[in-house]
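Trainee: The structure is given below, and queries will be raised subsequently.
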Amino acid sequence: MRIDPVAMTIDARRLAATRILLGGSAVSVGLHAYRVLSELRDPDSLRLPFLTEIDLTGAIVVLLVGLWLVSAAAYTIGWKTNVAGRLLFGIMAVTVAVDQQLYSNHAYLLWLLVGLSTLSRPGAAWSLDSRTHHQVRVPAWPVVLMCTQVSLVYLFAAATKLNPDFLSGLMLERWLAPSAQWAVGASRAMSVITPIVESFLGLALWSPRLRRFAILGGVLFHLSTPIFMVGPLELIEFSAIMVSTYWLFPGLTPAEVTAPSQPSRPTDSASTVPG
Amino acid sequence: MRRRFIVGFMAIYLIVQLLVSVAALGRTRPARFGWQMYSYPPYSPSFSIDSGGEVTVVSYEDLAVRARGEIHEEVAIARWLCETRGADTVTATRHNEQWIVPCE
């Protein structure tokens, strides 16, 4: 059977569930950005711009973060979803470009996933938009990219850990949270297990036979990292972002591809989602 | 036309993401866009500020609003210390590397 990735579709509710978690994470990350930007406004603060230094007035900070939070909230609740998502995508890029201290891996991943989701119809279900314009299935090709992105994160995270320093346990020991110092003795074992788990997750999420184990393992893995590692709030955000894509994987492999898009279920009028 | 655009976009996106991540493997770690979380030592360069023979040592964590490990701007930070602390020389040290920045 010849697979046409462009014609593939996915249940709109699954993408909607991802949208809600990504949007919630975007609100949280935006609040962090506000804290950092506010501190960067202090003339005595260290500034490390990507390009040229921007004079961070109060108005600019309020504008950037305000747009960020409003678009994130609109994206989460599914109001003018695609417009909100694209605005969020743009404003995140502009805000992080202000200073290198605003970059984080999970903000970068969030940015990519939000942008990709808006290439489909993330507001087609479980949203304000869907109350008048509901769609049962939405284009899957952006979802394929989202899932592939998540796999790449796992695989490259594993690859960078394949070095003697990390595998010896010394790196993990230094990153353990103060409350998790009791686990120091297990650092070496955890250091060996971690890239194995990440590699497994990066591949097994695509396997219909192994996916349930990957989902269970991934959830446990992401529940444990905020407990054991420093920076728990950022790790909670990162965990939410990663886990939010798990239910997108089923149905994307050639063995699972269903028939091309089924008819949408219009309520009042048009069947397409606005924005 | 639309189909070709989508297939092309997918291919370009995947190639770029692969290349960016692979390239990050060869850069000083941690590198941005490389997904190198927790695989590197906690980034902690220190800066020795020499003002008229009196030396003060400050850490990156003391200076940064948010001490990101992906930032490798030891010279830029040293120059900022030159301007803000009225130093004669600032020496930045990270792991086995050192940068000596004379303040103008």
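Residue names in the structure tokens use chain letters A, B, ... in the order shown, residue numbers from 1 in each chain, and ligand numbers from 1 in the order shown.
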Counting only C-alpha atoms, a student should be able to say which residues of chain A come within 6 Å of chain B; what is the right answer, written as a PyMOL selection string?
Mentor: chain A and resi 46+101+153+157+160-161+171
Trainee: I need the chosen residues saved as a CSV table (one decimal), in the first residue's frame, with all heavy atoms.
Mentor:
```csv
chain,number,residue,atom,x,y,z
A,46,LEU,N,24.0,42.0,33.5
A,46,LEU,CA,24.8,41.6,32.4
A,46,LEU,C,23.9,41.3,31.2
A,46,LEU,O,22.9,40.6,31.4
A,46,LEU,CB,25.5,40.2,32.8
A,46,LEU,CG,26.3,39.5,31.7
A,46,LEU,CD1,27.4,40.3,31.2
A,46,LEU,CD2,26.7,38.1,32.2
A,101,GLN,N,20.4,34.9,27.4
A,101,GLN,CA,20.0,34.3,28.7
A,101,GLN,C,18.6,33.8,28.7
A,101,GLN,O,18.1,33.2,29.7
A,101,GLN,CB,20.3,35.3,29.9
A,101,GLN,CG,21.8,35.6,30.0
A,101,GLN,CD,22.0,36.8,31.0
A,101,GLN,OE1,22.2,36.6,32.2
A,101,GLN,NE2,22.0,38.0,30.5
A,153,VAL,N,14.9,14.7,19.6
A,153,VAL,CA,15.3,15.2,20.9
A,153,VAL,C,15.8,14.0,21.8
A,153,VAL,O,16.9,14.1,22.3
A,153,VAL,CB,14.2,15.9,21.6
A,153,VAL,CG1,14.6,16.3,23.0
A,153,VAL,CG2,13.8,17.2,20.8
A,157,ALA,N,19.7,13.6,22.6
A,157,ALA,CA,20.0,13.7,24.1
A,157,ALA,C,20.8,12.5,24.5
A,157,ALA,O,21.7,12.6,25.3
A,157,ALA,CB,18.7,13.8,24.9
A,160,THR,N,24.6,12.6,23.1
A,160,THR,CA,25.5,13.5,23.7
A,160,THR,C,25.9,12.9,25.1
A,160,THR,O,26.9,13.4,25.6
A,160,THR,CB,24.9,14.9,24.0
A,160,THR,OG1,23.7,14.8,24.7
A,160,THR,CG2,24.6,15.6,22.7
A,161,LYS,N,25.2,12.0,25.6
A,161,LYS,CA,25.6,11.4,26.9
A,161,LYS,C,26.6,10.2,26.7
A,161,LYS,O,27.1,9.7,27.7
A,161,LYS,CB,24.3,10.9,27.6
A,161,LYS,CG,23.4,12.0,28.0
A,161,LYS,CD,22.2,11.5,28.8
A,161,LYS,CE,21.4,12.7,29.3
A,161,LYS,NZ,20.6,13.3,28.3
A,171,MET,N,28.8,13.4,36.0
A,171,MET,CA,28.0,14.5,35.5
A,171,MET,C,26.7,14.5,36.3
A,171,MET,O,26.2,15.6,36.8
A,171,MET,CB,27.8,14.4,34.0
A,171,MET,CG,29.0,14.6,33.2
A,171,MET,SD,29.8,16.1,33.4
A,171,MET,CE,31.3,15.7,34.3
```
Trainee: Just list as a PyMOL selection string whatever in stretch 3-98 of chain B DSSP marks as strand (DSSP E).
Mentor: chain B and resi 46-51+54-59+89-94+97-98
Trainee: I'd like to know which of B:Ala23, B:Ala92, B:Cys82, B:Met1 is closest to B:Glu104, using only C-alpha atoms.
Mentor: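 Smallest separation from B:Glu104 among the options: B:Cys82.
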Trainee: Restricting the calculation to only C-alpha atoms: of B:Arg85, B:Arg94, B:Arg27, B:Arg79, which residue gets closest to B:Ser46?
Mentor: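 When distances to B:Ser46 are compared using only C-alpha atoms, the smallest one comes from B:Arg94.
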Trainee: Which neighbours of stretch 83-86 of chain A fall inside 9 Å, counting only C-alpha atoms, when residues of the same chain fewer than 2 positions from it are skipped, and could you give them as an mmCIF file with all heavy atoms, in the first residue's frame?
Mentor:
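Output below, filename result_1.cif:
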```
data_model
loop_
_atom_site.group_PDB
_atom_site.id
_atom_site.type_symbol
_atom_site.label_atom_id
_atom_site.label_comp_id
_atom_site.auth_asym_id
_atom_site.auth_seq_id
_atom_site.Cartn_x
_atom_site.Cartn_y
_atom_site.Cartn_z
ATOM 1 N N GLY A 23 0.144 24.861 25.075
ATOM 2 C CA GLY A 23 -0.261 26.226 25.403
ATOM 3 C C GLY A 23 -0.031 26.545 26.872
ATOM 4 O O GLY A 23 0.453 27.622 27.223
ATOM 5 N N VAL A 70 -0.945 36.489 26.014
ATOM 6 C CA VAL A 70 -2.275 36.537 25.392
ATOM 7 C C VAL A 70 -2.376 35.495 24.271
ATOM 8 O O VAL A 70 -3.362 34.749 24.178
ATOM 9 C CB VAL A 70 -2.567 37.957 24.855
ATOM 10 C CG1 VAL A 70 -3.766 37.953 23.930
ATOM 11 C CG2 VAL A 70 -2.799 38.915 26.016
ATOM 12 N N SER A 71 -1.350 35.418 23.438
ATOM 13 C CA SER A 71 -1.406 34.448 22.341
ATOM 14 C C SER A 71 -1.336 33.020 22.881
ATOM 15 O O SER A 71 -2.003 32.118 22.353
ATOM 16 C CB SER A 71 -0.281 34.707 21.332
ATOM 17 O OG SER A 71 0.987 34.625 21.935
ATOM 18 N N ALA A 72 -0.551 32.813 23.935
ATOM 19 C CA ALA A 72 -0.480 31.472 24.526
ATOM 20 C C ALA A 72 -1.832 31.063 25.108
ATOM 21 O O ALA A 72 -2.276 29.922 24.962
ATOM 22 C CB ALA A 72 0.598 31.435 25.612
ATOM 23 N N ALA A 73 -2.487 32.008 25.768
ATOM 24 C CA ALA A 73 -3.795 31.703 26.362
ATOM 25 C C ALA A 73 -4.820 31.414 25.269
ATOM 26 O O ALA A 73 -5.611 30.468 25.373
ATOM 27 C CB ALA A 73 -4.250 32.879 27.229
ATOM 28 N N ALA A 74 -4.804 32.230 24.220
ATOM 29 C CA ALA A 74 -5.752 32.021 23.118
ATOM 30 C C ALA A 74 -5.501 30.678 22.433
ATOM 31 O O ALA A 74 -6.440 29.956 22.075
ATOM 32 C CB ALA A 74 -5.632 33.158 22.099
ATOM 33 N N TYR A 75 -4.256 30.351 22.266
ATOM 34 C CA TYR A 75 -3.889 29.064 21.660
ATOM 35 C C TYR A 75 -4.362 27.911 22.545
ATOM 36 O O TYR A 75 -4.891 26.923 22.055
ATOM 37 C CB TYR A 75 -2.364 29.036 21.480
ATOM 38 C CG TYR A 75 -1.781 27.762 20.917
ATOM 39 C CD1 TYR A 75 -1.849 27.459 19.562
ATOM 40 C CD2 TYR A 75 -1.118 26.864 21.752
ATOM 41 C CE1 TYR A 75 -1.297 26.296 19.054
ATOM 42 C CE2 TYR A 75 -0.567 25.703 21.247
ATOM 43 C CZ TYR A 75 -0.650 25.422 19.909
ATOM 44 O OH TYR A 75 -0.096 24.272 19.404
ATOM 45 N N THR A 76 -4.186 28.059 23.849
ATOM 46 C CA THR A 76 -4.581 26.994 24.780
ATOM 47 C C THR A 76 -6.081 26.744 24.735
ATOM 48 O O THR A 76 -6.526 25.590 24.646
ATOM 49 C CB THR A 76 -4.169 27.363 26.216
ATOM 50 O OG1 THR A 76 -2.782 27.671 26.252
ATOM 51 C CG2 THR A 76 -4.465 26.222 27.183
ATOM 52 N N GLY A 78 -8.046 27.629 22.419
ATOM 53 C CA GLY A 78 -8.501 27.391 21.055
ATOM 54 C C GLY A 78 -9.380 28.493 20.512
ATOM 55 O O GLY A 78 -10.419 28.234 19.894
ATOM 56 N N TRP A 79 -8.965 29.737 20.703
ATOM 57 C CA TRP A 79 -9.681 30.878 20.131
ATOM 58 C C TRP A 79 -8.798 31.477 19.035
ATOM 59 O O TRP A 79 -7.695 31.909 19.300
ATOM 60 C CB TRP A 79 -9.972 31.916 21.216
ATOM 61 C CG TRP A 79 -10.742 33.100 20.701
ATOM 62 C CD1 TRP A 79 -12.025 33.089 20.240
ATOM 63 C CD2 TRP A 79 -10.274 34.445 20.597
ATOM 64 N NE1 TRP A 79 -12.391 34.362 19.861
ATOM 65 C CE2 TRP A 79 -11.340 35.214 20.058
ATOM 66 C CE3 TRP A 79 -9.069 35.081 20.894
ATOM 67 C CZ2 TRP A 79 -11.229 36.576 19.822
ATOM 68 C CZ3 TRP A 79 -8.964 36.446 20.658
ATOM 69 C CH2 TRP A 79 -10.032 37.178 20.118
ATOM 70 N N LYS A 80 -9.328 31.517 17.837
ATOM 71 C CA LYS A 80 -8.532 31.941 16.669
ATOM 72 C C LYS A 80 -7.198 31.194 16.714
ATOM 73 O O LYS A 80 -6.119 31.785 16.658
ATOM 74 C CB LYS A 80 -8.276 33.453 16.704
ATOM 75 C CG LYS A 80 -9.510 34.306 16.809
ATOM 76 C CD LYS A 80 -10.280 34.320 15.523
ATOM 77 C CE LYS A 80 -11.479 35.282 15.622
ATOM 78 N NZ LYS A 80 -12.464 35.008 14.540
ATOM 79 N N THR A 81 -7.294 29.898 16.828
ATOM 80 C CA THR A 81 -6.153 29.065 17.234
ATOM 81 C C THR A 81 -4.938 29.200 16.340
ATOM 82 O O THR A 81 -3.811 29.340 16.835
ATOM 83 C CB THR A 81 -6.571 27.591 17.291
ATOM 84 O OG1 THR A 81 -7.840 27.478 17.929
ATOM 85 C CG2 THR A 81 -5.549 26.767 18.042
ATOM 86 N N LEU A 88 2.154 33.459 18.647
ATOM 87 C CA LEU A 88 2.993 32.940 19.735
ATOM 88 C C LEU A 88 4.353 32.523 19.203
ATOM 89 O O LEU A 88 5.393 32.823 19.795
ATOM 90 C CB LEU A 88 2.296 31.757 20.399
ATOM 91 C CG LEU A 88 3.058 31.045 21.519
ATOM 92 C CD1 LEU A 88 3.364 32.002 22.669
ATOM 93 C CD2 LEU A 88 2.246 29.850 22.032
ATOM 94 N N PHE A 89 4.361 31.828 18.082
ATOM 95 C CA PHE A 89 5.598 31.396 17.436
ATOM 96 C C PHE A 89 6.504 32.597 17.150
ATOM 97 O O PHE A 89 7.696 32.596 17.451
ATOM 98 C CB PHE A 89 5.243 30.656 16.147
ATOM 99 C CG PHE A 89 6.405 30.156 15.344
ATOM 100 C CD1 PHE A 89 7.082 28.995 15.702
ATOM 101 C CD2 PHE A 89 6.823 30.835 14.194
ATOM 102 C CE1 PHE A 89 8.154 28.532 14.948
ATOM 103 C CE2 PHE A 89 7.889 30.367 13.443
ATOM 104 C CZ PHE A 89 8.560 29.215 13.812
ATOM 105 N N GLY A 90 5.911 33.637 16.574
ATOM 106 C CA GLY A 90 6.700 34.819 16.228
ATOM 107 C C GLY A 90 7.205 35.574 17.443
ATOM 108 O O GLY A 90 8.368 35.964 17.515
ATOM 109 N N ILE A 91 6.329 35.763 18.428
ATOM 110 C CA ILE A 91 6.710 36.579 19.583
ATOM 111 C C ILE A 91 7.737 35.842 20.450
ATOM 112 O O ILE A 91 8.603 36.468 21.062
ATOM 113 C CB ILE A 91 5.473 37.004 20.399
ATOM 114 C CG1 ILE A 91 5.747 38.312 21.142
ATOM 115 C CG2 ILE A 91 5.004 35.967 21.371
ATOM 116 C CD1 ILE A 91 5.928 39.497 20.232
ATOM 117 N N VAL A 114 4.880 24.302 18.645
ATOM 118 C CA VAL A 114 3.761 25.234 18.443
ATOM 119 C C VAL A 114 3.693 25.632 16.974
ATOM 120 O O VAL A 114 2.633 25.613 16.358
ATOM 121 C CB VAL A 114 3.905 26.479 19.346
ATOM 122 C CG1 VAL A 114 2.955 27.592 18.906
ATOM 123 C CG2 VAL A 114 3.651 26.106 20.801
ATOM 124 N N GLY A 115 4.844 25.984 16.408
ATOM 125 C CA GLY A 115 4.864 26.392 15.000
ATOM 126 C C GLY A 115 4.375 25.290 14.073
ATOM 127 O O GLY A 115 3.554 25.524 13.182
ATOM 128 N N SER A 117 2.434 22.783 14.835
ATOM 129 C CA SER A 117 1.022 22.462 15.052
ATOM 130 C C SER A 117 0.116 23.396 14.259
ATOM 131 O O SER A 117 -0.953 22.983 13.785
ATOM 132 C CB SER A 117 0.670 22.527 16.539
ATOM 133 O OG SER A 117 0.595 23.872 16.982
ATOM 134 N N THR A 118 0.540 24.642 14.090
ATOM 135 C CA THR A 118 -0.316 25.588 13.374
ATOM 136 C C THR A 118 -0.365 25.312 11.879
ATOM 137 O O THR A 118 -1.146 25.945 11.168
ATOM 138 C CB THR A 118 0.135 27.046 13.587
ATOM 139 O OG1 THR A 118 1.446 27.211 13.031
ATOM 140 C CG2 THR A 118 0.160 27.415 15.055
ATOM 141 N N PRO A 122 -4.935 22.778 14.945
ATOM 142 C CA PRO A 122 -4.932 22.432 16.365
ATOM 143 C C PRO A 122 -6.184 22.866 17.102
ATOM 144 O O PRO A 122 -6.468 22.389 18.196
ATOM 145 C CB PRO A 122 -3.688 23.176 16.896
ATOM 146 C CG PRO A 122 -3.469 24.294 15.938
ATOM 147 C CD PRO A 122 -3.898 23.777 14.607
ATOM 148 N N PRO A 274 -11.864 28.434 11.680
ATOM 149 C CA PRO A 274 -11.339 29.772 11.375
ATOM 150 C C PRO A 274 -9.969 29.970 11.986
ATOM 151 O O PRO A 274 -9.587 29.268 12.912
ATOM 152 C CB PRO A 274 -12.363 30.704 12.027
ATOM 153 C CG PRO A 274 -12.934 29.897 13.134
ATOM 154 C CD PRO A 274 -12.959 28.476 12.652
ATOM 155 N N GLY A 275 -9.260 30.964 11.494
ATOM 156 C CA GLY A 275 -7.950 31.323 12.044
ATOM 157 C C GLY A 275 -6.924 30.296 11.616
ATOM 158 O O GLY A 275 -5.948 30.138 12.257
#
```
Trainee: Could you write out, as a PyMOL selection string, all the residues of stretch 32-124 of chain A that DSSP marks as alpha helix (DSSP H)?
Mentor: chain A and resi 32-40+58-77+81-97+105-117
